[in-house]
Structures are given as C-alpha cells and as structure tokens.
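Visitor: The structure file model.txt (compact mmCIF, N, CA and C atoms) is provided below.
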```
# COMPACT_ATOMS: atom_id res chain seq x y z
N SER A 1461 -5.23 -4.79 14.80
CA SER A 1461 -4.75 -3.96 15.89
C SER A 1461 -3.99 -2.75 15.37
N GLU A 1462 -3.33 -2.93 14.22
CA GLU A 1462 -2.52 -1.84 13.68
C GLU A 1462 -2.40 -1.99 12.18
N VAL A 1463 -2.38 -0.86 11.47
CA VAL A 1463 -2.20 -0.85 10.01
C VAL A 1463 -1.05 0.08 9.69
N GLN A 1464 -0.11 -0.41 8.88
CA GLN A 1464 1.03 0.38 8.47
C GLN A 1464 1.17 0.33 6.96
N ALA A 1465 1.64 1.43 6.40
CA ALA A 1465 1.96 1.49 4.97
C ALA A 1465 3.15 2.44 4.83
N PRO A 1466 4.35 1.92 5.15
CA PRO A 1466 5.53 2.79 5.12
C PRO A 1466 5.69 3.47 3.76
N GLY A 1467 5.97 4.74 3.80
CA GLY A 1467 6.16 5.51 2.58
C GLY A 1467 7.64 5.76 2.34
N ASN A 1468 7.92 6.85 1.65
CA ASN A 1468 9.30 7.27 1.41
C ASN A 1468 9.32 8.79 1.34
N ASP A 1469 10.38 9.37 0.74
CA ASP A 1469 10.46 10.83 0.67
C ASP A 1469 9.48 11.41 -0.34
N VAL A 1470 8.91 10.60 -1.23
CA VAL A 1470 7.92 11.07 -2.21
C VAL A 1470 6.53 11.08 -1.59
N LEU A 1471 6.14 9.97 -0.97
CA LEU A 1471 4.82 9.86 -0.34
C LEU A 1471 4.99 9.35 1.09
N PRO A 1472 4.63 10.16 2.08
CA PRO A 1472 4.76 9.72 3.47
C PRO A 1472 3.66 8.72 3.86
N GLU A 1473 3.92 8.00 4.93
CA GLU A 1473 2.99 6.98 5.40
C GLU A 1473 1.60 7.57 5.69
N GLU A 1474 1.53 8.75 6.26
CA GLU A 1474 0.25 9.36 6.60
C GLU A 1474 -0.61 9.55 5.35
N PHE A 1475 0.02 9.96 4.24
CA PHE A 1475 -0.69 10.14 2.97
C PHE A 1475 -1.27 8.81 2.49
N LEU A 1476 -0.45 7.77 2.52
CA LEU A 1476 -0.90 6.46 2.05
C LEU A 1476 -2.02 5.91 2.94
N LEU A 1477 -1.87 6.02 4.25
CA LEU A 1477 -2.88 5.50 5.17
C LEU A 1477 -4.22 6.22 5.01
N SER A 1478 -4.19 7.49 4.66
CA SER A 1478 -5.43 8.24 4.52
C SER A 1478 -6.22 7.83 3.28
N ARG A 1479 -5.60 7.09 2.38
CA ARG A 1479 -6.26 6.72 1.13
C ARG A 1479 -6.60 5.24 0.99
N ILE A 1480 -6.35 4.47 2.04
CA ILE A 1480 -6.67 3.04 1.97
C ILE A 1480 -7.90 2.73 2.83
N PRO A 1481 -8.63 1.65 2.50
CA PRO A 1481 -9.89 1.36 3.20
C PRO A 1481 -9.74 0.61 4.52
N ILE A 1482 -8.55 0.16 4.87
CA ILE A 1482 -8.36 -0.61 6.10
C ILE A 1482 -7.97 0.33 7.24
N ARG A 1483 -8.62 0.15 8.37
CA ARG A 1483 -8.32 0.94 9.58
C ARG A 1483 -8.14 0.00 10.76
N ALA A 1484 -7.37 0.43 11.73
CA ALA A 1484 -7.22 -0.34 12.97
C ALA A 1484 -8.60 -0.45 13.62
N GLY A 1485 -8.94 -1.65 14.07
CA GLY A 1485 -10.24 -1.88 14.70
C GLY A 1485 -11.26 -2.52 13.78
N ASP A 1486 -11.00 -2.48 12.45
CA ASP A 1486 -11.89 -3.13 11.50
C ASP A 1486 -11.74 -4.64 11.59
N PRO A 1487 -12.80 -5.41 11.28
CA PRO A 1487 -12.63 -6.86 11.18
C PRO A 1487 -11.68 -7.20 10.02
N TYR A 1488 -10.89 -8.25 10.20
CA TYR A 1488 -9.95 -8.65 9.15
C TYR A 1488 -10.72 -9.16 7.94
N SER A 1489 -10.28 -8.74 6.75
CA SER A 1489 -10.91 -9.16 5.50
C SER A 1489 -9.84 -9.33 4.43
N GLN A 1490 -9.72 -10.54 3.91
CA GLN A 1490 -8.75 -10.80 2.84
C GLN A 1490 -9.09 -9.96 1.61
N GLU A 1491 -10.36 -9.73 1.36
CA GLU A 1491 -10.78 -8.92 0.22
C GLU A 1491 -10.29 -7.47 0.38
N LYS A 1492 -10.38 -6.93 1.60
CA LYS A 1492 -9.88 -5.57 1.83
C LYS A 1492 -8.37 -5.49 1.67
N VAL A 1493 -7.67 -6.55 2.04
CA VAL A 1493 -6.21 -6.58 1.87
C VAL A 1493 -5.87 -6.53 0.38
N ARG A 1494 -6.54 -7.36 -0.43
CA ARG A 1494 -6.30 -7.35 -1.88
C ARG A 1494 -6.66 -6.00 -2.49
N ASN A 1495 -7.79 -5.43 -2.08
CA ASN A 1495 -8.23 -4.13 -2.58
C ASN A 1495 -7.22 -3.04 -2.21
N THR A 1496 -6.71 -3.08 -1.00
CA THR A 1496 -5.73 -2.10 -0.55
C THR A 1496 -4.45 -2.21 -1.37
N MET A 1497 -4.03 -3.42 -1.70
CA MET A 1497 -2.83 -3.61 -2.53
C MET A 1497 -3.03 -2.94 -3.89
N LYS A 1498 -4.21 -3.13 -4.49
CA LYS A 1498 -4.50 -2.51 -5.80
C LYS A 1498 -4.51 -0.99 -5.69
N ILE A 1499 -5.10 -0.47 -4.62
CA ILE A 1499 -5.16 0.98 -4.43
C ILE A 1499 -3.75 1.55 -4.28
N LEU A 1500 -2.91 0.90 -3.48
CA LEU A 1500 -1.54 1.39 -3.29
C LEU A 1500 -0.75 1.34 -4.58
N GLU A 1501 -0.92 0.28 -5.37
CA GLU A 1501 -0.25 0.21 -6.67
C GLU A 1501 -0.68 1.36 -7.57
N ALA A 1502 -1.97 1.70 -7.56
CA ALA A 1502 -2.48 2.80 -8.37
C ALA A 1502 -1.94 4.14 -7.88
N ILE A 1503 -1.88 4.33 -6.58
CA ILE A 1503 -1.35 5.58 -6.02
C ILE A 1503 0.09 5.78 -6.46
N TRP A 1504 0.91 4.75 -6.25
CA TRP A 1504 2.32 4.86 -6.65
C TRP A 1504 2.44 5.07 -8.16
N GLY A 1505 1.60 4.40 -8.93
CA GLY A 1505 1.61 4.55 -10.39
C GLY A 1505 1.32 5.97 -10.82
N ASN A 1506 0.41 6.63 -10.11
CA ASN A 1506 0.09 8.03 -10.43
C ASN A 1506 1.29 8.96 -10.20
N TYR A 1507 2.25 8.53 -9.42
CA TYR A 1507 3.45 9.32 -9.17
C TYR A 1507 4.65 8.83 -9.98
N GLY A 1508 4.38 7.98 -10.99
CA GLY A 1508 5.44 7.54 -11.90
C GLY A 1508 6.08 6.21 -11.57
N PHE A 1509 5.66 5.58 -10.49
CA PHE A 1509 6.24 4.29 -10.11
C PHE A 1509 5.30 3.18 -10.56
N ILE A 1510 5.26 2.94 -11.89
CA ILE A 1510 4.24 2.05 -12.45
C ILE A 1510 4.55 0.57 -12.25
N PHE A 1511 5.75 0.24 -11.82
CA PHE A 1511 6.09 -1.17 -11.59
C PHE A 1511 6.14 -1.52 -10.11
N THR A 1512 5.45 -0.76 -9.29
CA THR A 1512 5.43 -0.99 -7.85
C THR A 1512 4.79 -2.32 -7.51
N SER A 1513 5.40 -3.03 -6.58
CA SER A 1513 4.76 -4.24 -6.05
C SER A 1513 4.55 -4.04 -4.56
N ILE A 1514 3.40 -4.48 -4.10
CA ILE A 1514 3.02 -4.33 -2.70
C ILE A 1514 3.10 -5.69 -2.03
N ASP A 1515 3.81 -5.74 -0.91
CA ASP A 1515 3.97 -6.98 -0.15
C ASP A 1515 3.29 -6.82 1.20
N PRO A 1516 2.11 -7.47 1.38
CA PRO A 1516 1.45 -7.35 2.69
C PRO A 1516 2.10 -8.28 3.71
N SER A 1517 2.19 -7.80 4.93
CA SER A 1517 2.68 -8.60 6.04
C SER A 1517 1.57 -8.66 7.08
N ILE A 1518 1.15 -9.87 7.42
CA ILE A 1518 0.05 -10.06 8.36
C ILE A 1518 0.58 -10.81 9.56
N GLU A 1519 0.55 -10.16 10.72
CA GLU A 1519 1.08 -10.75 11.95
C GLU A 1519 -0.06 -10.96 12.94
N PRO A 1520 -0.56 -12.20 13.07
CA PRO A 1520 -1.64 -12.45 14.02
C PRO A 1520 -1.16 -12.49 15.47
N ASP A 1521 -2.02 -12.10 16.37
CA ASP A 1521 -1.76 -12.16 17.81
C ASP A 1521 -2.86 -13.03 18.41
N GLU A 1522 -2.51 -14.27 18.75
CA GLU A 1522 -3.50 -15.23 19.25
C GLU A 1522 -4.13 -14.80 20.57
N GLU A 1523 -3.35 -14.13 21.43
CA GLU A 1523 -3.88 -13.71 22.73
C GLU A 1523 -5.01 -12.70 22.60
N THR A 1524 -4.79 -11.68 21.77
CA THR A 1524 -5.79 -10.61 21.64
C THR A 1524 -6.74 -10.83 20.48
N LYS A 1525 -6.49 -11.88 19.69
CA LYS A 1525 -7.32 -12.20 18.50
C LYS A 1525 -7.36 -11.01 17.54
N THR A 1526 -6.19 -10.39 17.34
CA THR A 1526 -6.06 -9.29 16.41
C THR A 1526 -4.92 -9.58 15.44
N VAL A 1527 -4.81 -8.77 14.41
CA VAL A 1527 -3.70 -8.86 13.46
C VAL A 1527 -3.11 -7.48 13.23
N LYS A 1528 -1.82 -7.47 12.97
CA LYS A 1528 -1.14 -6.25 12.56
C LYS A 1528 -0.89 -6.41 11.06
N VAL A 1529 -1.34 -5.46 10.26
CA VAL A 1529 -1.20 -5.53 8.81
C VAL A 1529 -0.30 -4.40 8.35
N SER A 1530 0.73 -4.77 7.59
CA SER A 1530 1.65 -3.79 7.03
C SER A 1530 1.72 -4.00 5.53
N PHE A 1531 1.74 -2.92 4.79
CA PHE A 1531 1.84 -2.98 3.33
C PHE A 1531 3.15 -2.34 2.92
N PHE A 1532 4.12 -3.18 2.54
CA PHE A 1532 5.44 -2.69 2.14
C PHE A 1532 5.46 -2.49 0.63
N SER A 1533 5.90 -1.31 0.21
CA SER A 1533 5.92 -0.95 -1.21
C SER A 1533 7.33 -1.03 -1.76
N ASP A 1534 7.51 -1.85 -2.79
CA ASP A 1534 8.77 -1.89 -3.53
C ASP A 1534 8.52 -1.09 -4.80
N VAL A 1535 8.89 0.20 -4.77
CA VAL A 1535 8.51 1.10 -5.85
C VAL A 1535 9.42 1.04 -7.07
N GLY A 1536 10.64 0.60 -6.91
CA GLY A 1536 11.55 0.54 -8.05
C GLY A 1536 11.90 1.93 -8.57
N LYS A 1537 12.23 1.99 -9.84
CA LYS A 1537 12.63 3.27 -10.44
C LYS A 1537 11.41 3.98 -11.01
N LYS A 1538 11.47 5.31 -10.98
CA LYS A 1538 10.41 6.13 -11.55
C LYS A 1538 10.48 6.06 -13.06
N VAL A 1539 9.32 6.01 -13.70
CA VAL A 1539 9.24 5.92 -15.15
C VAL A 1539 8.81 7.28 -15.69
N TYR A 1540 9.49 7.73 -16.74
CA TYR A 1540 9.19 9.02 -17.34
C TYR A 1540 8.65 8.82 -18.74
N LEU A 1541 7.75 9.68 -19.15
CA LEU A 1541 7.19 9.64 -20.48
C LEU A 1541 8.17 10.35 -21.41
N ASN A 1542 8.53 9.67 -22.49
CA ASN A 1542 9.53 10.22 -23.40
C ASN A 1542 8.89 10.81 -24.65
N LYS A 1543 7.93 10.08 -25.23
CA LYS A 1543 7.36 10.53 -26.50
C LYS A 1543 5.93 10.04 -26.60
N VAL A 1544 5.04 10.90 -27.07
CA VAL A 1544 3.64 10.54 -27.29
C VAL A 1544 3.35 10.73 -28.76
N THR A 1545 2.87 9.67 -29.40
CA THR A 1545 2.49 9.75 -30.81
C THR A 1545 1.00 9.54 -30.93
N ILE A 1546 0.33 10.49 -31.55
CA ILE A 1546 -1.13 10.39 -31.72
C ILE A 1546 -1.44 10.23 -33.19
```
Transcribe the structure of this file into structure tokens.

Guide:
Amino acid sequence: SEVQAPGNDVLPEEFLLSRIPIRAGDPYSQEKVRNTMKILEAIWGNYGFIFTSIDPSIEPDEETKTVKVSFFSDVGKKVYLNKVTI
C-alpha cells in the first residue's frame, strides 16, 4: 500500500525512492525487499556512508490485504579516504 525510505539532509526520501525497485501497488516480494536493502546500502556507500545498515519494517493490513514497507537507514558516520598507495 505504501513504500517509504526516509532520508536525511544528505539524501532526501524522494531521491532514495526513485532508485529502488519497489513501488506502491506492486505484489509483495521478499526478494525485492532484500534487493532494495542492497541497493540502499550501495547508494549510501557511494556518499561515504559505507557502514550503513538498512532495517526494513513491514506492516501488514489484514483488511485490505496490503503491506506498508519502510526502509530505515542507520548511516552512522561518514568515512573519508585518507591515503591511497599504489
């Protein structure tokens, strides 16, 4: 019924939602949930948050036979590159 991916001041929710494969109205798929978690981890990693963990929240509604899916991101501290040795 609804998909959420709360962002922060670095990446807003609209940006995150535009890059994940789950949309409201799609049939529920555990595989898509796992794939979305990996995609969100990669997105945050590209912005320096390489230790991000994604916590999905799935709230079923028995009356309407739908689920509300939210992906909460615990981004932690940003990681900076200090030295590259080749």

Visitor: Could you tell me, as a compact mmCIF listing (two decimals) with N, CA and C atoms, keeping the file's coordinate frame, which residues have any atom at most 10 Å from (9.5, -0.1, -6.6), counting only C-alpha atoms?

Guide:
```txt
# COMPACT_ATOMS: atom_id res chain seq x y z
N GLU A 1501 -0.92 0.28 -5.37
CA GLU A 1501 -0.25 0.21 -6.67
C GLU A 1501 -0.68 1.36 -7.57
N TRP A 1504 0.91 4.75 -6.25
CA TRP A 1504 2.32 4.86 -6.65
C TRP A 1504 2.44 5.07 -8.16
N GLY A 1505 1.60 4.40 -8.93
CA GLY A 1505 1.61 4.55 -10.39
C GLY A 1505 1.32 5.97 -10.82
N PHE A 1509 5.66 5.58 -10.49
CA PHE A 1509 6.24 4.29 -10.11
C PHE A 1509 5.30 3.18 -10.56
N ILE A 1510 5.26 2.94 -11.89
CA ILE A 1510 4.24 2.05 -12.45
C ILE A 1510 4.55 0.57 -12.25
N PHE A 1511 5.75 0.24 -11.82
CA PHE A 1511 6.09 -1.17 -11.59
C PHE A 1511 6.14 -1.52 -10.11
N THR A 1512 5.45 -0.76 -9.29
CA THR A 1512 5.43 -0.99 -7.85
C THR A 1512 4.79 -2.32 -7.51
N SER A 1513 5.40 -3.03 -6.58
CA SER A 1513 4.76 -4.24 -6.05
C SER A 1513 4.55 -4.04 -4.56
N ILE A 1514 3.40 -4.48 -4.10
CA ILE A 1514 3.02 -4.33 -2.70
C ILE A 1514 3.10 -5.69 -2.03
N PHE A 1532 4.12 -3.18 2.54
CA PHE A 1532 5.44 -2.69 2.14
C PHE A 1532 5.46 -2.49 0.63
N SER A 1533 5.90 -1.31 0.21
CA SER A 1533 5.92 -0.95 -1.21
C SER A 1533 7.33 -1.03 -1.76
N ASP A 1534 7.51 -1.85 -2.79
CA ASP A 1534 8.77 -1.89 -3.53
C ASP A 1534 8.52 -1.09 -4.80
N VAL A 1535 8.89 0.20 -4.77
CA VAL A 1535 8.51 1.10 -5.85
C VAL A 1535 9.42 1.04 -7.07
N GLY A 1536 10.64 0.60 -6.91
CA GLY A 1536 11.55 0.54 -8.05
C GLY A 1536 11.90 1.93 -8.57
N LYS A 1537 12.23 1.99 -9.84
CA LYS A 1537 12.63 3.27 -10.44
C LYS A 1537 11.41 3.98 -11.01
N LYS A 1538 11.47 5.31 -10.98
CA LYS A 1538 10.41 6.13 -11.55
C LYS A 1538 10.48 6.06 -13.06
```

Visitor: Just list the residues in chain A DSSP gives alpha helix (DSSP H) on the backbone, as JSON, numbers by chain.

Guide: {"A": [1473, 1474, 1475, 1476, 1477, 1478, 1490, 1491, 1492, 1493, 1494, 1495, 1496, 1497, 1498, 1499, 1500, 1501, 1502, 1503, 1504, 1505, 1506]}

Visitor: In Å, how far is it from atom N of Lys1498 of chain A to atom N of Thr1545 of chain A?

Guide: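 Here the two named atoms are 28.9 Å from each other.
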
Visitor: Could you check which of A:Thr1526, A:Gln1464, A:Asn1506, A:Ser1517 is closest to Tyr1488 of chain A, using only C-alpha atoms?

Guide: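 Among the listed residues, A:Thr1526 lies closest to Tyr1488 of chain A.
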
Visitor: State, in Å with one decimal place, the distance from atom C of Tyr1540 of chain A to atom N of Ile1480 of chain A.

Guide: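 Separation of atom C of Tyr1540 of chain A and atom N of Ile1480 of chain A: 26.0 Å.
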
Visitor: What is the distance, in Å and to one decimal place, between atom C of Val1470 of chain A and atom N of Ile1482 of chain A?

Guide: 19.7 Å

Visitor: If you run DSSP on this backbone, which residues of chain A come out as strand (DSSP E), and could you give them as a list in words?

Guide: Glu1462, Val1463, Gln1464, Ser1513, Ile1514, Asp1515, Pro1516, Ser1517, Ile1518, Glu1519, Pro1520, Asp1521, Thr1526, Val1527, Lys1528, Val1529, Ser1530, Phe1531, Phe1532, Ser1533 and Asp1534 of chain A

Visitor: Env of Pro1481 of chain A: 6.5 Å cut, atoms = all atoms listed in the file, seq-sep filter 2 positions within chain, self excluded. Answer as a list in words.

Guide: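 Listing them by chain and then by number gives Arg1479, Arg1483 and Thr1496 of chain A.
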
Visitor: Would you please work out which residue, of A:Phe1531, A:Glu1519, A:Thr1524, A:Ile1546, is nearest to Gly1467 of chain A when using all atoms listed in the file?

Guide: A:Phe1531

Visitor: Would you kindly place N, CA, C and O atoms on segment 1476-1488 of chain A and return the model as a PDB file, in the coordinates of the input?

Guide:
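What follows is the written file selection.pdb:
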```pdb
ATOM      1  N   LEU A1476      -0.450   7.770   2.520  1.00  0.00           N
ATOM      2  CA  LEU A1476      -0.900   6.460   2.050  1.00  0.00           C
ATOM      3  C   LEU A1476      -2.020   5.910   2.940  1.00  0.00           C
ATOM      4  O   LEU A1476      -3.029   5.401   2.436  1.00  0.00           O
ATOM      5  N   LEU A1477      -1.870   6.020   4.250  1.00  0.00           N
ATOM      6  CA  LEU A1477      -2.880   5.500   5.170  1.00  0.00           C
ATOM      7  C   LEU A1477      -4.220   6.220   5.010  1.00  0.00           C
ATOM      8  O   LEU A1477      -5.279   5.614   5.180  1.00  0.00           O
ATOM      9  N   SER A1478      -4.190   7.490   4.660  1.00  0.00           N
ATOM     10  CA  SER A1478      -5.430   8.240   4.520  1.00  0.00           C
ATOM     11  C   SER A1478      -6.220   7.830   3.280  1.00  0.00           C
ATOM     12  O   SER A1478      -7.395   8.169   3.159  1.00  0.00           O
ATOM     13  N   ARG A1479      -5.600   7.090   2.380  1.00  0.00           N
ATOM     14  CA  ARG A1479      -6.260   6.720   1.130  1.00  0.00           C
ATOM     15  C   ARG A1479      -6.600   5.240   0.990  1.00  0.00           C
ATOM     16  O   ARG A1479      -7.064   4.800  -0.045  1.00  0.00           O
ATOM     17  N   ILE A1480      -6.350   4.470   2.040  1.00  0.00           N
ATOM     18  CA  ILE A1480      -6.670   3.040   1.970  1.00  0.00           C
ATOM     19  C   ILE A1480      -7.900   2.730   2.830  1.00  0.00           C
ATOM     20  O   ILE A1480      -8.174   3.443   3.793  1.00  0.00           O
ATOM     21  N   PRO A1481      -8.630   1.650   2.500  1.00  0.00           N
ATOM     22  CA  PRO A1481      -9.890   1.360   3.200  1.00  0.00           C
ATOM     23  C   PRO A1481      -9.740   0.610   4.520  1.00  0.00           C
ATOM     24  O   PRO A1481     -10.722   0.454   5.237  1.00  0.00           O
ATOM     25  N   ILE A1482      -8.550   0.160   4.870  1.00  0.00           N
ATOM     26  CA  ILE A1482      -8.360  -0.610   6.100  1.00  0.00           C
ATOM     27  C   ILE A1482      -7.970   0.330   7.240  1.00  0.00           C
ATOM     28  O   ILE A1482      -7.079   1.166   7.073  1.00  0.00           O
ATOM     29  N   ARG A1483      -8.620   0.150   8.370  1.00  0.00           N
ATOM     30  CA  ARG A1483      -8.320   0.940   9.580  1.00  0.00           C
ATOM     31  C   ARG A1483      -8.140   0.000  10.760  1.00  0.00           C
ATOM     32  O   ARG A1483      -8.742  -1.079  10.810  1.00  0.00           O
ATOM     33  N   ALA A1484      -7.370   0.430  11.730  1.00  0.00           N
ATOM     34  CA  ALA A1484      -7.220  -0.340  12.970  1.00  0.00           C
ATOM     35  C   ALA A1484      -8.600  -0.450  13.620  1.00  0.00           C
ATOM     36  O   ALA A1484      -9.356   0.512  13.670  1.00  0.00           O
ATOM     37  N   GLY A1485      -8.940  -1.650  14.070  1.00  0.00           N
ATOM     38  CA  GLY A1485     -10.240  -1.880  14.700  1.00  0.00           C
ATOM     39  C   GLY A1485     -11.260  -2.520  13.780  1.00  0.00           C
ATOM     40  O   GLY A1485     -12.278  -3.027  14.229  1.00  0.00           O
ATOM     41  N   ASP A1486     -11.000  -2.480  12.450  1.00  0.00           N
ATOM     42  CA  ASP A1486     -11.890  -3.130  11.500  1.00  0.00           C
ATOM     43  C   ASP A1486     -11.740  -4.640  11.590  1.00  0.00           C
ATOM     44  O   ASP A1486     -10.653  -5.132  11.912  1.00  0.00           O
ATOM     45  N   PRO A1487     -12.800  -5.410  11.280  1.00  0.00           N
ATOM     46  CA  PRO A1487     -12.630  -6.860  11.180  1.00  0.00           C
ATOM     47  C   PRO A1487     -11.680  -7.200  10.020  1.00  0.00           C
ATOM     48  O   PRO A1487     -11.682  -6.510   9.000  1.00  0.00           O
ATOM     49  N   TYR A1488     -10.890  -8.250  10.200  1.00  0.00           N
ATOM     50  CA  TYR A1488      -9.950  -8.650   9.150  1.00  0.00           C
ATOM     51  C   TYR A1488     -10.720  -9.160   7.940  1.00  0.00           C
ATOM     52  O   TYR A1488     -11.671  -9.914   8.054  1.00  0.00           O
TER      53      TYR A1488
END
```
